[in-house]
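Written below as structure tokens is the structure these notes are about.
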Amino acid sequence: SSNNYMKVTKYYEIKGVPTIEANAVEDGEHWVKAVYVDKAPFHINNILTHPLFKSAVVIVIVLAVGFYLRKRNLL
């Protein structure tokens, strides 16, 4: 990850270089080699934006509504 480029920046694979080691970034008219220096720190958005977390939230809401409706004899 990089704080030097905007979130929408596209990273490209460099032939012969593992992507966990480095990528290429188009910076205006030049290509720049983006090398991983440090791992990105943990952020709560890593969990909140994960598809598995979103699915779990939807399931919990559906179950809660189902239990509520069943308790009220509406289901």
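Order determines the names: the first chain of the structure tokens is A, the second B, and so forth; residues in each chain are numbered 1 upward, and ligands are numbered 1 upward as they are shown.
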
Could you name the residues that touch A:Asp27 at 9 Å or less, counting only C-alpha atoms, but leaving out those on the same chain fewer than 4 positions away, as a tab-separated table (two decimals) with N, CA and C atoms, in the first residue's frame?
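In the end it all went to selection_7.tsv:
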```tsv
chain	number	residue	atom	x	y	z
A	5	TYR	N	0.19	7.75	-3.49
A	5	TYR	CA	-0.72	7.77	-4.63
A	5	TYR	C	-2.16	7.68	-4.15
A	31	TRP	N	6.75	5.61	-15.66
A	31	TRP	CA	6.44	4.43	-14.86
A	31	TRP	C	7.37	4.43	-13.66
A	32	VAL	N	6.81	4.15	-12.51
A	32	VAL	CA	7.59	4.14	-11.28
A	32	VAL	C	7.47	2.76	-10.65
```

Exercise: A:Lys15 partners within 10 Å, only C-alpha atoms, chain neighbours under 4 positions left out, as a list in words: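 Result of the neighbour search: Thr19, Asn23 and Ala24 of chain A.
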
Separation of atom CA of A:Ile44 from atom CA of A:Ala56 in Å: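 We find that atom CA of A:Ala56 and atom CA of A:Ile44 lie 16.1 Å from each other.
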
Secondary structure check, strand (DSSP E) residues of chain A, as an MDAnalysis selection string: chainID A and resid 11:12 22:27 30:35

Write out the residues from the selection above, keeping C-alpha atoms, as an mmCIF file, in the first residue's frame.
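To be explicit, this is the file written out as again.cif:
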```cif
data_model
loop_
_atom_site.group_PDB
_atom_site.id
_atom_site.type_symbol
_atom_site.label_atom_id
_atom_site.label_comp_id
_atom_site.auth_asym_id
_atom_site.auth_seq_id
_atom_site.Cartn_x
_atom_site.Cartn_y
_atom_site.Cartn_z
ATOM 1 C CA TYR A 11 -0.820 -0.930 -9.927
ATOM 2 C CA TYR A 12 0.667 -3.162 -12.601
ATOM 3 C CA ALA A 22 7.152 -4.706 -6.172
ATOM 4 C CA ASN A 23 4.643 -3.314 -8.683
ATOM 5 C CA ALA A 24 4.658 -0.602 -11.309
ATOM 6 C CA VAL A 25 2.683 2.635 -11.091
ATOM 7 C CA GLU A 26 1.983 5.010 -13.965
ATOM 8 C CA ASP A 27 2.916 8.432 -12.611
ATOM 9 C CA HIS A 30 6.575 7.899 -16.364
ATOM 10 C CA TRP A 31 6.441 4.432 -14.858
ATOM 11 C CA VAL A 32 7.589 4.136 -11.278
ATOM 12 C CA LYS A 33 8.590 0.970 -9.454
ATOM 13 C CA ALA A 34 6.557 0.738 -6.234
ATOM 14 C CA VAL A 35 8.487 -1.339 -3.703
#
```

Name the residues of chain A that fall into alpha helix (DSSP H) according to DSSP on the backbone, using the chain letters and numbers of this document, as a compact mmCIF listing (two decimals) with C-alpha atoms, in the first residue's frame.
```txt
# COMPACT_ATOMS: atom_id res chain seq x y z
CA ASN A 45 -12.15 -0.53 7.72
CA ASN A 46 -10.27 -3.77 6.97
CA ILE A 47 -13.03 -5.56 8.88
CA LEU A 48 -16.01 -3.31 8.13
CA PRO A 51 -17.58 -9.11 2.29
CA LEU A 52 -17.75 -11.81 4.99
CA PHE A 53 -18.48 -9.20 7.67
CA LYS A 54 -21.15 -7.57 5.51
CA SER A 55 -22.77 -10.96 4.90
CA ALA A 56 -22.77 -11.73 8.62
CA VAL A 57 -24.48 -8.42 9.38
CA VAL A 58 -27.19 -9.11 6.80
CA ILE A 59 -27.76 -12.62 8.22
CA VAL A 60 -28.02 -11.27 11.78
CA ILE A 61 -30.56 -8.63 10.68
CA VAL A 62 -32.66 -11.19 8.79
CA LEU A 63 -32.64 -13.55 11.78
CA ALA A 64 -33.52 -10.75 14.20
CA VAL A 65 -36.46 -9.62 12.04
CA GLY A 66 -37.59 -13.24 11.68
CA PHE A 67 -37.52 -13.83 15.44
CA TYR A 68 -39.34 -10.55 16.07
CA LEU A 69 -42.09 -11.36 13.56
CA ARG A 70 -42.44 -14.90 14.90
CA LYS A 71 -42.71 -13.64 18.48
```

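Here atom CA of A:Thr9 stands at a distance of 11.2 Å from atom CA of A:Gly28.
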